[in-house]
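**Q** Got coords35.cif for you, mmCIF, C-alpha atoms:
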```cif
data_my_file
loop_
_atom_site.group_PDB
_atom_site.id
_atom_site.type_symbol
_atom_site.label_atom_id
_atom_site.label_comp_id
_atom_site.auth_asym_id
_atom_site.auth_seq_id
_atom_site.Cartn_x
_atom_site.Cartn_y
_atom_site.Cartn_z
ATOM 1 C CA MET A 1328 0.000 0.000 0.000
ATOM 2 C CA SER A 1329 1.520 3.325 -1.022
ATOM 3 C CA LEU A 1330 0.855 6.619 0.710
ATOM 4 C CA SER A 1331 -0.352 9.817 -0.857
ATOM 5 C CA SER A 1332 1.804 12.929 -0.460
ATOM 6 C CA GLU A 1333 -0.750 14.343 2.033
ATOM 7 C CA GLN A 1334 -0.529 11.198 4.149
ATOM 8 C CA ALA A 1335 3.280 11.260 3.968
ATOM 9 C CA ALA A 1336 3.364 14.927 4.981
ATOM 10 C CA GLN A 1337 1.018 14.226 7.892
ATOM 11 C CA ALA A 1338 3.126 11.246 9.012
ATOM 12 C CA LEU A 1339 6.322 13.350 8.836
ATOM 13 C CA ARG A 1340 4.681 16.117 10.869
ATOM 14 C CA GLU A 1341 3.706 13.590 13.541
ATOM 15 C CA VAL A 1342 7.234 12.144 13.560
ATOM 16 C CA GLU A 1343 8.735 15.623 13.995
ATOM 17 C CA GLN A 1344 6.274 16.613 16.741
ATOM 18 C CA THR A 1345 6.826 13.403 18.686
ATOM 19 C CA SER A 1346 10.626 13.653 18.295
ATOM 20 C CA ALA A 1347 10.616 17.262 19.475
ATOM 21 C CA LEU A 1348 8.457 16.460 22.515
ATOM 22 C CA SER A 1349 10.527 13.414 23.419
ATOM 23 C CA SER A 1350 13.756 15.376 23.016
ATOM 24 C CA THR A 1351 12.496 18.254 25.203
ATOM 25 C CA LEU A 1352 11.311 15.914 27.959
ATOM 26 C CA TYR A 1353 14.597 14.027 27.835
ATOM 27 C CA GLY A 1354 16.426 17.358 28.138
ATOM 28 C CA TYR A 1355 14.332 18.198 31.224
ATOM 29 C CA GLN A 1356 15.164 14.850 32.762
ATOM 30 C CA GLN A 1357 18.859 15.456 32.143
ATOM 31 C CA ALA A 1358 18.816 19.044 33.444
ATOM 32 C CA SER A 1359 16.934 18.175 36.646
ATOM 33 C CA PRO A 1360 19.864 16.882 38.780
ATOM 34 C CA TYR A 1361 22.018 19.901 37.819
ATOM 35 C CA LEU A 1362 19.339 22.327 39.028
ATOM 36 C CA ILE A 1363 18.840 20.396 42.259
ATOM 37 C CA LEU A 1364 22.613 20.259 42.850
ATOM 38 C CA TRP A 1365 23.060 24.018 42.377
ATOM 39 C CA GLY A 1366 19.927 24.721 44.387
ATOM 40 C CA VAL A 1367 21.285 22.814 47.385
ATOM 41 C CA ILE A 1368 24.690 24.500 46.996
ATOM 42 C CA TRP A 1369 23.071 27.957 46.859
ATOM 43 C CA VAL A 1370 20.969 27.327 49.961
ATOM 44 C CA ILE A 1371 23.996 26.247 52.008
ATOM 45 C CA LYS A 1372 26.448 28.779 50.543
ATOM 46 C CA PHE A 1373 24.249 31.853 50.945
ATOM 47 C CA ALA A 1374 22.907 30.777 54.344
ATOM 48 C CA LEU A 1375 26.489 30.410 55.611
ATOM 49 C CA GLY A 1376 27.333 33.785 54.057
ATOM 50 C CA ASP A 1377 24.429 35.348 55.915
ATOM 51 C CA PHE A 1378 25.346 33.853 59.275
ATOM 52 C CA PHE A 1379 29.123 34.382 58.875
ATOM 53 C CA PRO A 1380 29.451 37.597 56.811
ATOM 54 C CA GLN A 1381 33.127 37.950 57.766
ATOM 55 C CA TYR A 1382 33.930 34.912 55.559
ATOM 56 C CA ASN A 1383 31.659 35.964 52.698
ATOM 57 C CA ASN A 1384 34.510 36.614 50.262
ATOM 58 C CA PHE A 1385 35.796 33.047 50.570
ATOM 59 C CA ILE A 1386 32.768 30.881 51.351
ATOM 60 C CA TRP A 1387 31.734 30.628 47.694
ATOM 61 C CA ILE A 1388 35.053 29.085 46.568
ATOM 62 C CA PRO A 1389 34.694 25.523 47.996
ATOM 63 C CA PHE A 1390 31.000 25.421 47.120
ATOM 64 C CA ASP A 1391 31.537 26.520 43.529
ATOM 65 C CA VAL A 1392 34.349 23.998 43.157
ATOM 66 C CA LEU A 1393 32.009 21.352 44.576
ATOM 67 C CA GLY A 1394 29.261 22.419 42.152
ATOM 68 C CA VAL A 1395 31.549 22.296 39.121
ATOM 69 C CA ALA A 1396 32.922 18.896 40.200
ATOM 70 C CA GLY A 1397 29.331 17.676 40.672
ATOM 71 C CA CYS A 1398 28.421 18.860 37.173
ATOM 72 C CA PHE A 1399 31.377 16.970 35.701
ATOM 73 C CA TYR A 1400 30.330 13.853 37.603
ATOM 74 C CA LEU A 1401 26.724 14.120 36.365
ATOM 75 C CA GLY A 1402 27.937 14.862 32.832
ATOM 76 C CA ALA A 1403 30.228 11.824 32.814
ATOM 77 C CA ARG A 1404 27.304 9.591 33.866
ATOM 78 C CA SER A 1405 25.000 10.785 31.089
ATOM 79 C CA ALA A 1406 24.074 8.581 28.147
ATOM 80 C CA ARG A 1407 25.592 11.006 25.636
ATOM 81 C CA ALA A 1408 28.920 10.947 27.500
ATOM 82 C CA ARG A 1409 28.913 7.135 27.609
ATOM 83 C CA GLN A 1410 28.731 7.120 23.816
ATOM 84 C CA CYS A 1411 31.565 9.622 23.337
ATOM 85 C CA SER A 1412 35.106 8.505 22.615
ATOM 86 C CA GLY A 1413 37.835 9.175 25.182
ATOM 87 C CA VAL A 1414 39.314 12.013 23.087
ATOM 88 C CA GLN A 1415 35.911 13.636 22.654
ATOM 89 C CA LYS A 1416 35.290 13.407 26.413
ATOM 90 C CA VAL A 1417 38.606 15.131 27.152
ATOM 91 C CA ASN A 1418 37.853 17.840 24.574
ATOM 92 C CA ASP A 1419 34.371 18.360 25.988
ATOM 93 C CA GLY A 1420 35.846 18.538 29.495
ATOM 94 C CA TRP A 1421 38.256 21.283 28.458
ATOM 95 C CA ARG A 1422 35.489 23.165 26.658
ATOM 96 C CA TRP A 1423 33.316 23.111 29.784
ATOM 97 C CA LEU A 1424 36.207 24.158 32.024
ATOM 98 C CA GLY A 1425 37.042 26.957 29.590
ATOM 99 C CA SER A 1426 33.406 28.074 29.496
ATOM 100 C CA ILE A 1427 33.175 28.173 33.299
ATOM 101 C CA ALA A 1428 36.490 30.044 33.537
ATOM 102 C CA ALA A 1429 35.307 32.546 30.889
ATOM 103 C CA VAL A 1430 32.042 33.225 32.749
ATOM 104 C CA MET A 1431 33.841 33.605 36.081
ATOM 105 C CA ALA A 1432 36.437 35.934 34.547
ATOM 106 C CA PHE A 1433 33.618 37.961 32.960
ATOM 107 C CA ILE A 1434 31.863 38.339 36.320
ATOM 108 C CA VAL A 1435 35.080 39.390 38.088
ATOM 109 C CA VAL A 1436 36.092 41.866 35.343
ATOM 110 C CA ILE A 1437 32.632 43.450 35.204
ATOM 111 C CA GLN A 1438 32.685 43.932 38.971
ATOM 112 C CA LEU A 1439 36.159 45.486 38.781
ATOM 113 C CA ILE A 1440 34.994 47.867 36.055
ATOM 114 C CA MET A 1441 31.872 48.790 38.015
ATOM 115 C CA ALA A 1442 33.747 49.035 41.349
ATOM 116 C CA PRO A 1443 33.008 49.891 44.025
ATOM 117 C CA VAL A 1444 30.107 47.444 44.190
ATOM 118 C CA THR A 1445 28.418 46.290 47.363
ATOM 119 C CA GLU A 1446 28.208 42.590 48.218
ATOM 120 C CA ARG A 1447 24.463 42.897 47.642
ATOM 121 C CA GLN A 1448 24.988 44.218 44.097
ATOM 122 C CA ALA A 1449 27.591 41.541 43.355
ATOM 123 C CA VAL A 1450 25.285 38.708 44.463
ATOM 124 C CA THR A 1451 22.338 40.121 42.502
ATOM 125 C CA PHE A 1452 24.484 40.474 39.398
ATOM 126 C CA ILE A 1453 25.723 36.855 39.580
ATOM 127 C CA VAL A 1454 22.215 35.471 40.114
ATOM 128 C CA LEU A 1455 20.900 37.578 37.210
ATOM 129 C CA ILE A 1456 23.610 36.141 34.937
ATOM 130 C CA VAL A 1457 22.454 32.631 35.861
ATOM 131 C CA ALA A 1458 18.808 33.655 35.337
ATOM 132 C CA VAL A 1459 19.554 35.080 31.875
ATOM 133 C CA ALA A 1460 21.358 31.869 30.921
ATOM 134 C CA TYR A 1461 18.234 29.880 31.892
ATOM 135 C CA VAL A 1462 15.958 32.255 29.979
ATOM 136 C CA LEU A 1463 18.095 31.903 26.840
ATOM 137 C CA TYR A 1464 18.118 28.110 27.256
ATOM 138 C CA GLY A 1465 14.348 28.262 27.573
ATOM 139 C CA LEU A 1466 13.944 30.340 24.445
ATOM 140 C CA TRP A 1467 15.918 27.788 22.449
ATOM 141 C CA GLY A 1468 13.594 24.901 23.234
ATOM 142 C CA SER A 1469 13.172 24.169 26.958
ATOM 143 C CA PRO A 1470 10.302 26.403 28.141
ATOM 144 C CA ARG A 1471 10.304 25.143 31.734
ATOM 145 C CA ILE A 1472 13.957 26.139 32.166
ATOM 146 C CA GLY A 1473 13.066 29.544 30.702
ATOM 147 C CA VAL A 1474 10.280 29.943 33.267
ATOM 148 C CA THR A 1475 12.785 29.025 36.005
ATOM 149 C CA GLY A 1476 15.062 31.829 34.786
ATOM 150 C CA VAL A 1477 12.245 34.394 34.822
ATOM 151 C CA VAL A 1478 11.135 33.372 38.342
ATOM 152 C CA LEU A 1479 14.735 33.447 39.586
ATOM 153 C CA ALA A 1480 15.312 36.934 38.141
ATOM 154 C CA ALA A 1481 12.028 38.228 39.594
ATOM 155 C CA LEU A 1482 12.798 36.847 43.064
ATOM 156 C CA ILE A 1483 16.350 38.185 43.213
ATOM 157 C CA LEU A 1484 15.227 41.629 42.003
ATOM 158 C CA PHE A 1485 12.429 41.658 44.568
ATOM 159 C CA GLY A 1486 14.988 40.772 47.250
ATOM 160 C CA TYR A 1487 17.436 43.409 46.047
ATOM 161 C CA TYR A 1488 14.874 46.194 46.336
ATOM 162 C CA GLN A 1489 12.687 44.972 49.193
ATOM 163 C CA VAL A 1490 14.659 42.692 51.534
ATOM 164 C CA GLN A 1491 16.751 44.964 53.709
ATOM 165 C CA VAL A 1492 18.155 42.433 56.203
ATOM 166 C CA HIS A 1493 19.314 38.851 55.637
ATOM 167 C CA PHE A 1494 19.549 39.410 51.897
ATOM 168 C CA ASP A 1495 21.996 36.491 51.522
ATOM 169 C CA LEU A 1496 19.596 34.220 53.363
ATOM 170 C CA TRP A 1497 16.798 35.394 51.043
ATOM 171 C CA THR A 1498 18.986 34.616 48.026
ATOM 172 C CA GLY A 1499 19.850 31.178 49.377
ATOM 173 C CA VAL A 1500 16.381 30.092 50.415
ATOM 174 C CA VAL A 1501 14.386 31.688 47.602
ATOM 175 C CA GLY A 1502 16.956 31.441 44.801
ATOM 176 C CA GLY A 1503 18.313 28.027 45.787
ATOM 177 C CA GLY A 1504 14.831 26.824 46.707
ATOM 178 C CA SER A 1505 13.443 27.815 43.318
ATOM 179 C CA LEU A 1506 16.262 25.915 41.601
ATOM 180 C CA ILE A 1507 15.476 22.805 43.672
ATOM 181 C CA LEU A 1508 11.748 23.092 42.943
ATOM 182 C CA ALA A 1509 12.471 23.665 39.248
ATOM 183 C CA GLY A 1510 14.692 20.570 39.227
ATOM 184 C CA LEU A 1511 11.874 18.494 40.746
ATOM 185 C CA TRP A 1512 9.400 20.046 38.277
ATOM 186 C CA LEU A 1513 11.616 19.038 35.339
ATOM 187 C CA LYS A 1514 12.070 15.553 36.745
ATOM 188 C CA LYS A 1515 8.309 15.022 36.750
ATOM 189 C CA ALA A 1516 7.865 16.441 33.215
ATOM 190 C CA MET B 903 9.640 4.967 17.284
ATOM 191 C CA ALA B 904 9.977 8.737 16.762
ATOM 192 C CA ALA B 905 10.021 9.251 20.544
ATOM 193 C CA LEU B 906 12.790 6.658 20.923
ATOM 194 C CA LYS B 907 14.780 7.937 17.950
ATOM 195 C CA ALA B 908 15.068 11.366 19.634
ATOM 196 C CA LEU B 909 17.008 9.838 22.541
ATOM 197 C CA PRO B 910 20.731 9.013 22.529
ATOM 198 C CA LYS B 911 21.556 5.583 21.078
ATOM 199 C CA SER B 912 20.337 2.700 23.289
ATOM 200 C CA GLU B 913 18.984 5.130 25.907
ATOM 201 C CA PRO B 914 15.859 3.567 27.391
ATOM 202 C CA ILE B 915 12.623 5.380 28.142
ATOM 203 C CA GLU B 916 10.092 4.346 30.756
ATOM 204 C CA PHE B 917 6.821 2.923 29.488
ATOM 205 C CA VAL B 918 4.823 5.447 31.521
ATOM 206 C CA ARG B 919 6.705 8.400 30.023
ATOM 207 C CA LEU B 920 6.422 6.971 26.510
ATOM 208 C CA LYS B 921 2.659 6.573 27.015
ATOM 209 C CA GLU B 922 2.387 10.277 27.855
ATOM 210 C CA ILE B 923 4.523 11.360 24.894
ATOM 211 C CA VAL B 924 2.571 9.424 22.286
ATOM 212 C CA ASP B 925 -0.747 9.959 24.090
ATOM 213 C CA ALA B 926 -1.768 6.317 23.746
ATOM 214 C CA THR B 927 -3.680 3.979 26.010
ATOM 215 C CA GLU B 928 -1.730 1.383 27.962
ATOM 216 C CA GLY B 929 -3.194 -1.504 25.981
ATOM 217 C CA ASN B 930 -2.655 0.132 22.606
ATOM 218 C CA LEU B 931 0.943 1.063 23.354
ATOM 219 C CA GLY B 932 1.621 -2.357 24.865
ATOM 220 C CA ALA B 933 0.414 -4.042 21.673
ATOM 221 C CA HIS B 934 2.608 -1.789 19.493
ATOM 222 C CA ILE B 935 5.618 -2.441 21.686
ATOM 223 C CA ALA B 936 5.085 -6.214 21.552
ATOM 224 C CA THR B 937 4.957 -6.095 17.743
ATOM 225 C CA LEU B 938 8.080 -3.926 17.476
ATOM 226 C CA GLU B 939 9.911 -6.149 19.952
ATOM 227 C CA ARG B 940 9.071 -9.265 17.925
ATOM 228 C CA SER B 941 10.468 -7.505 14.840
ATOM 229 C CA GLY B 942 13.706 -6.781 16.710
ATOM 230 C CA TYR B 943 13.253 -3.002 16.483
ATOM 231 C CA ILE B 944 13.072 -2.348 20.201
ATOM 232 C CA GLU B 945 14.175 -3.995 23.430
ATOM 233 C CA VAL B 946 12.025 -4.170 26.538
ATOM 234 C CA THR B 947 13.612 -4.361 29.983
ATOM 235 C CA LYS B 948 11.628 -5.032 33.129
ATOM 236 C CA ASP B 949 13.186 -4.321 36.503
ATOM 237 C CA PHE B 950 12.504 -2.627 39.825
ATOM 238 C CA ASN B 951 13.180 0.993 40.670
ATOM 239 C CA GLY B 952 13.315 0.635 44.447
ATOM 240 C CA LYS B 953 10.158 -1.348 45.152
ATOM 241 C CA LYS B 954 8.254 -0.154 42.091
ATOM 242 C CA PRO B 955 8.217 -2.346 38.989
ATOM 243 C CA ARG B 956 9.497 -0.528 35.934
ATOM 244 C CA THR B 957 9.268 -1.274 32.215
ATOM 245 C CA ARG B 958 11.766 0.440 29.951
ATOM 246 C CA VAL B 959 11.965 0.456 26.191
ATOM 247 C CA SER B 960 14.972 1.192 24.003
ATOM 248 C CA MET B 961 15.546 1.208 20.256
ATOM 249 C CA THR B 962 17.875 -1.364 18.717
ATOM 250 C CA THR B 963 20.325 -0.575 15.928
ATOM 251 C CA ALA B 964 18.030 -2.429 13.514
ATOM 252 C CA GLY B 965 15.102 -0.329 14.756
ATOM 253 C CA ARG B 966 17.027 2.896 14.269
ATOM 254 C CA ARG B 967 17.954 1.885 10.714
ATOM 255 C CA ALA B 968 14.409 0.808 9.860
ATOM 256 C CA PHE B 969 12.961 4.031 11.222
ATOM 257 C CA GLU B 970 15.458 6.134 9.255
ATOM 258 C CA GLN B 971 14.477 4.221 6.124
ATOM 259 C CA TYR B 972 10.810 4.862 6.864
ATOM 260 C CA VAL B 973 11.425 8.620 7.260
ATOM 261 C CA ASP B 974 13.476 8.619 4.030
ATOM 262 C CA TYR B 975 10.587 6.831 2.331
ATOM 263 C CA LEU B 976 8.135 9.507 3.524
ATOM 264 C CA ARG B 977 10.455 12.290 2.356
ATOM 265 C CA GLY B 978 10.826 10.498 -0.968
ATOM 266 C CA ILE B 979 7.051 10.602 -1.464
ATOM 267 C CA LEU B 980 7.024 14.345 -0.815
ATOM 268 C CA ASP B 981 9.948 14.858 -3.192
ATOM 269 C CA GLY B 982 8.116 12.799 -5.807
ATOM 270 C CA GLY B 983 10.769 10.095 -5.831
ATOM 271 C CA ALA B 984 8.753 7.227 -4.341
#
```
Please rewrite the model in this file as structure tokens.
**A**
Amino acid sequence: MSLSSEQAAQALREVEQTSALSSTLYGYQQASPYLILWGVIWVIKFALGDFFPQYNNFIWIPFDVLGVAGCFYLGARSARARQCSGVQKVNDGWRWLGSIAAVMAFIVVIQLIMAPVTERQAVTFIVLIVAVAYVLYGLWGSPRIGVTGVVLAALILFGYYQVQVHFDLWTGVVGGGSLILAGLWLKKA
Amino acid sequence: MAALKALPKSEPIEFVRLKEIVDATEGNLGAHIATLERSGYIEVTKDFNGKKPRTRVSMTTAGRRAFEQYVDYLRGILDGGA
């Protein structure tokens, strides 16, 4: 039995729609543990920063290192990584490290250019960078991650203008909490 | 098959998730899966996730090839070649 061109076009449309949906949901499933990991790190890091402000300049270092190491661990466990060759894995590893270093250097340089900046401004700026990254990711095909970015940006801006005391705690609980909730939301997608 | 083809090679998908993606009933999807498994296009794995039974489905290399041929066939019709 041969198909007409209308039937073939309809079948191709269904194939593309199903592939796109499956791919998006798979992406959510893959992104979920990363969001939960960074959410937990943010809660602990910012809560400690709020309770021990004298160590605020250094507290983020071990937690960010832990977060990056966690991301590499999760990345290495993924199905895509299992299919990559050893050389490709090493290249990907360097690309990710380079990307993280570039973003961190960008954040530091911008803060030097804008100096003097308060700790409150610095934290808001960093969280907004993360939020923008999520929004862009959302615009390119993962709407739920985009929504997470918008919520994160709204919450941090609300905190910046309205929360006068315990701003770090606000950032940790609300920002980190929203990342954890978003991670669970993606997992159930 | 389109839902499975979108995943990395040999990556399984849970039956429950697949049911939601293709918007099929359990019985209908189960029948399709049994047919595709008999043809060697997919593999079905049953195990436990904690205490919950879990059925996962993955596409075989033969399944991937057959599906690609099917999509090429459809495109061929649109291009006027089939």
**Q** Could you tell me, as a list in words, exactly which residues end up selected when the PyMOL selection byres ((chain A and resi 1330) around 12) is applied to this structure?
**A**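 So the PyMOL selection byres ((chain A and resi 1330) around 12), applied here, picks out Met1328, Ser1329, Ser1331, Ser1332, Glu1333, Gln1334, Ala1335, Ala1336, Gln1337, Ala1338 and Leu1339 of chain A; Tyr972, Tyr975, Leu976, Arg977, Gly978, Ile979, Leu980, Gly982 and Ala984 of chain B.
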**Q** For chain A versus chain B, which residues have an atom no more than 12 Å away, and what is each residue's nearest atom pair and distance in Å rounded to one decimal, using all atoms listed in the file, chain-then-number order, as CSV?
**A**
```
residue,atom,partner,partner_atom,distance
A:Ser1329,CA,B:Ala984,CA,8.9
A:Leu1330,CA,B:Ile979,CA,7.7
A:Ser1331,CA,B:Ile979,CA,7.5
A:Ser1332,CA,B:Leu980,CA,5.4
A:Glu1333,CA,B:Leu980,CA,8.3
A:Gln1334,CA,B:Leu976,CA,8.8
A:Ala1335,CA,B:Leu976,CA,5.2
A:Ala1336,CA,B:Leu980,CA,6.9
A:Gln1337,CA,B:Leu976,CA,9.6
A:Ala1338,CA,B:Leu976,CA,7.6
A:Leu1339,CA,B:Leu976,CA,6.8
A:Arg1340,CA,B:Leu976,CA,10.5
A:Glu1341,CA,B:Ala904,CA,8.6
A:Val1342,CA,B:Ala904,CA,5.4
A:Glu1343,CA,B:Ala904,CA,7.5
A:Gln1344,CA,B:Ala904,CA,8.7
A:Thr1345,CA,B:Ala905,CA,5.6
A:Ser1346,CA,B:Ala905,CA,5.0
A:Ala1347,CA,B:Ala908,CA,7.4
A:Leu1348,CA,B:Ile923,CA,6.9
A:Ser1349,CA,B:Ala905,CA,5.1
A:Ser1350,CA,B:Ala908,CA,5.4
A:Thr1351,CA,B:Ala908,CA,9.2
A:Leu1352,CA,B:Ile923,CA,8.7
A:Tyr1353,CA,B:Leu909,CA,7.2
A:Gly1354,CA,B:Leu909,CA,9.4
A:Gln1356,CA,B:Ile915,CA,10.8
A:Gln1357,CA,B:Leu909,CA,11.3
A:Ser1405,CA,B:Pro910,CA,9.7
A:Ala1406,CA,B:Glu913,CA,6.5
A:Arg1407,CA,B:Pro910,CA,6.1
A:Ala1408,CA,B:Pro910,CA,9.8
A:Arg1409,CA,B:Pro910,CA,9.8
A:Gln1410,CA,B:Lys911,CA,7.8
A:Cys1411,CA,B:Pro910,CA,10.9
A:Lys1514,CA,B:Arg919,CA,11.2
A:Lys1515,CA,B:Arg919,CA,9.6
A:Ala1516,CA,B:Arg919,CA,8.7
```
**Q** At a cut-off of 12 Å from (12.6, -1.3, 34.3) in the coordinates of the file, what residues are picked up using only C-alpha atoms, written as a compact mmCIF listing (two decimals) with C-alpha atoms, in the frame of the given file?
**A**
```
# COMPACT_ATOMS: atom_id res chain seq x y z
CA PRO B 914 15.86 3.57 27.39
CA ILE B 915 12.62 5.38 28.14
CA GLU B 916 10.09 4.35 30.76
CA PHE B 917 6.82 2.92 29.49
CA VAL B 918 4.82 5.45 31.52
CA GLU B 945 14.18 -4.00 23.43
CA VAL B 946 12.02 -4.17 26.54
CA THR B 947 13.61 -4.36 29.98
CA LYS B 948 11.63 -5.03 33.13
CA ASP B 949 13.19 -4.32 36.50
CA PHE B 950 12.50 -2.63 39.83
CA ASN B 951 13.18 0.99 40.67
CA GLY B 952 13.32 0.64 44.45
CA LYS B 953 10.16 -1.35 45.15
CA LYS B 954 8.25 -0.15 42.09
CA PRO B 955 8.22 -2.35 38.99
CA ARG B 956 9.50 -0.53 35.93
CA THR B 957 9.27 -1.27 32.22
CA ARG B 958 11.77 0.44 29.95
CA VAL B 959 11.96 0.46 26.19
CA SER B 960 14.97 1.19 24.00
```
**Q** For a quick check of understanding, using all atoms listed in the file, which of A:Thr1498, A:Gln1415, A:Gln1489, A:Thr1475 has the smallest distance to A:Ile1453?
**A**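 Answer, going by the shortest atom-to-atom distance: A:Thr1498.
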**Q** Pull the neighbourhood of (24.9, 23.6, 49.7) for me: all residues within 12 Å in file coordinates, counting all atoms listed in the file, as a list in words.
**A** Ile1363, Leu1364, Trp1365, Gly1366, Val1367, Ile1368, Trp1369, Val1370, Ile1371, Lys1372, Phe1373, Ala1374, Leu1375, Gly1376, Ile1386, Trp1387, Ile1388, Pro1389, Phe1390, Asp1391, Val1392, Leu1393, Gly1394, Gly1397, Gly1499, Val1500, Gly1503, Gly1504 and Ile1507 of chain A
**Q** Which value, in Å to one decimal, gives the distance between atom CA of A:Ala1358 and atom CA of A:Gly1510?
**A**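 A separation of 7.3 Å between them.
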**Q** If you take every atom of stretch 934-942 of chain B that the file lists and fit an axis-aligned box around them with 4 Å extra on each side, what centre and edge lengths come out in Å to one decimal, as AutoDock Vina command-line options?
**A**
```
--center_x 8.2 --center_y -5.5 --center_z 18.3 --size_x 19.1 --size_y 15.5 --size_z 14.8
```
**Q** Tell me which protein, DNA and RNA residues are within 8 Å of stretch 1444-1447 of chain A, counting only C-alpha atoms, leaving out same-chain ones fewer than 2 positions away, and put them as a PDB file with C-alpha atoms, in the coordinates of the input.
**A**
```pdb
ATOM      1  CA  GLN A1438      32.685  43.932  38.971  1.00  0.00           C
ATOM      2  CA  MET A1441      31.872  48.790  38.015  1.00  0.00           C
ATOM      3  CA  ALA A1442      33.747  49.035  41.349  1.00  0.00           C
ATOM      4  CA  ALA A1449      27.591  41.541  43.355  1.00  0.00           C
ATOM      5  CA  VAL A1450      25.285  38.708  44.463  1.00  0.00           C
ATOM      6  CA  THR A1451      22.338  40.121  42.502  1.00  0.00           C
ATOM      7  CA  TYR A1487      17.436  43.409  46.047  1.00  0.00           C
ATOM      8  CA  PHE A1494      19.549  39.410  51.897  1.00  0.00           C
ATOM      9  CA  ASP A1495      21.996  36.491  51.522  1.00  0.00           C
TER      10      ASP A1495
END
```
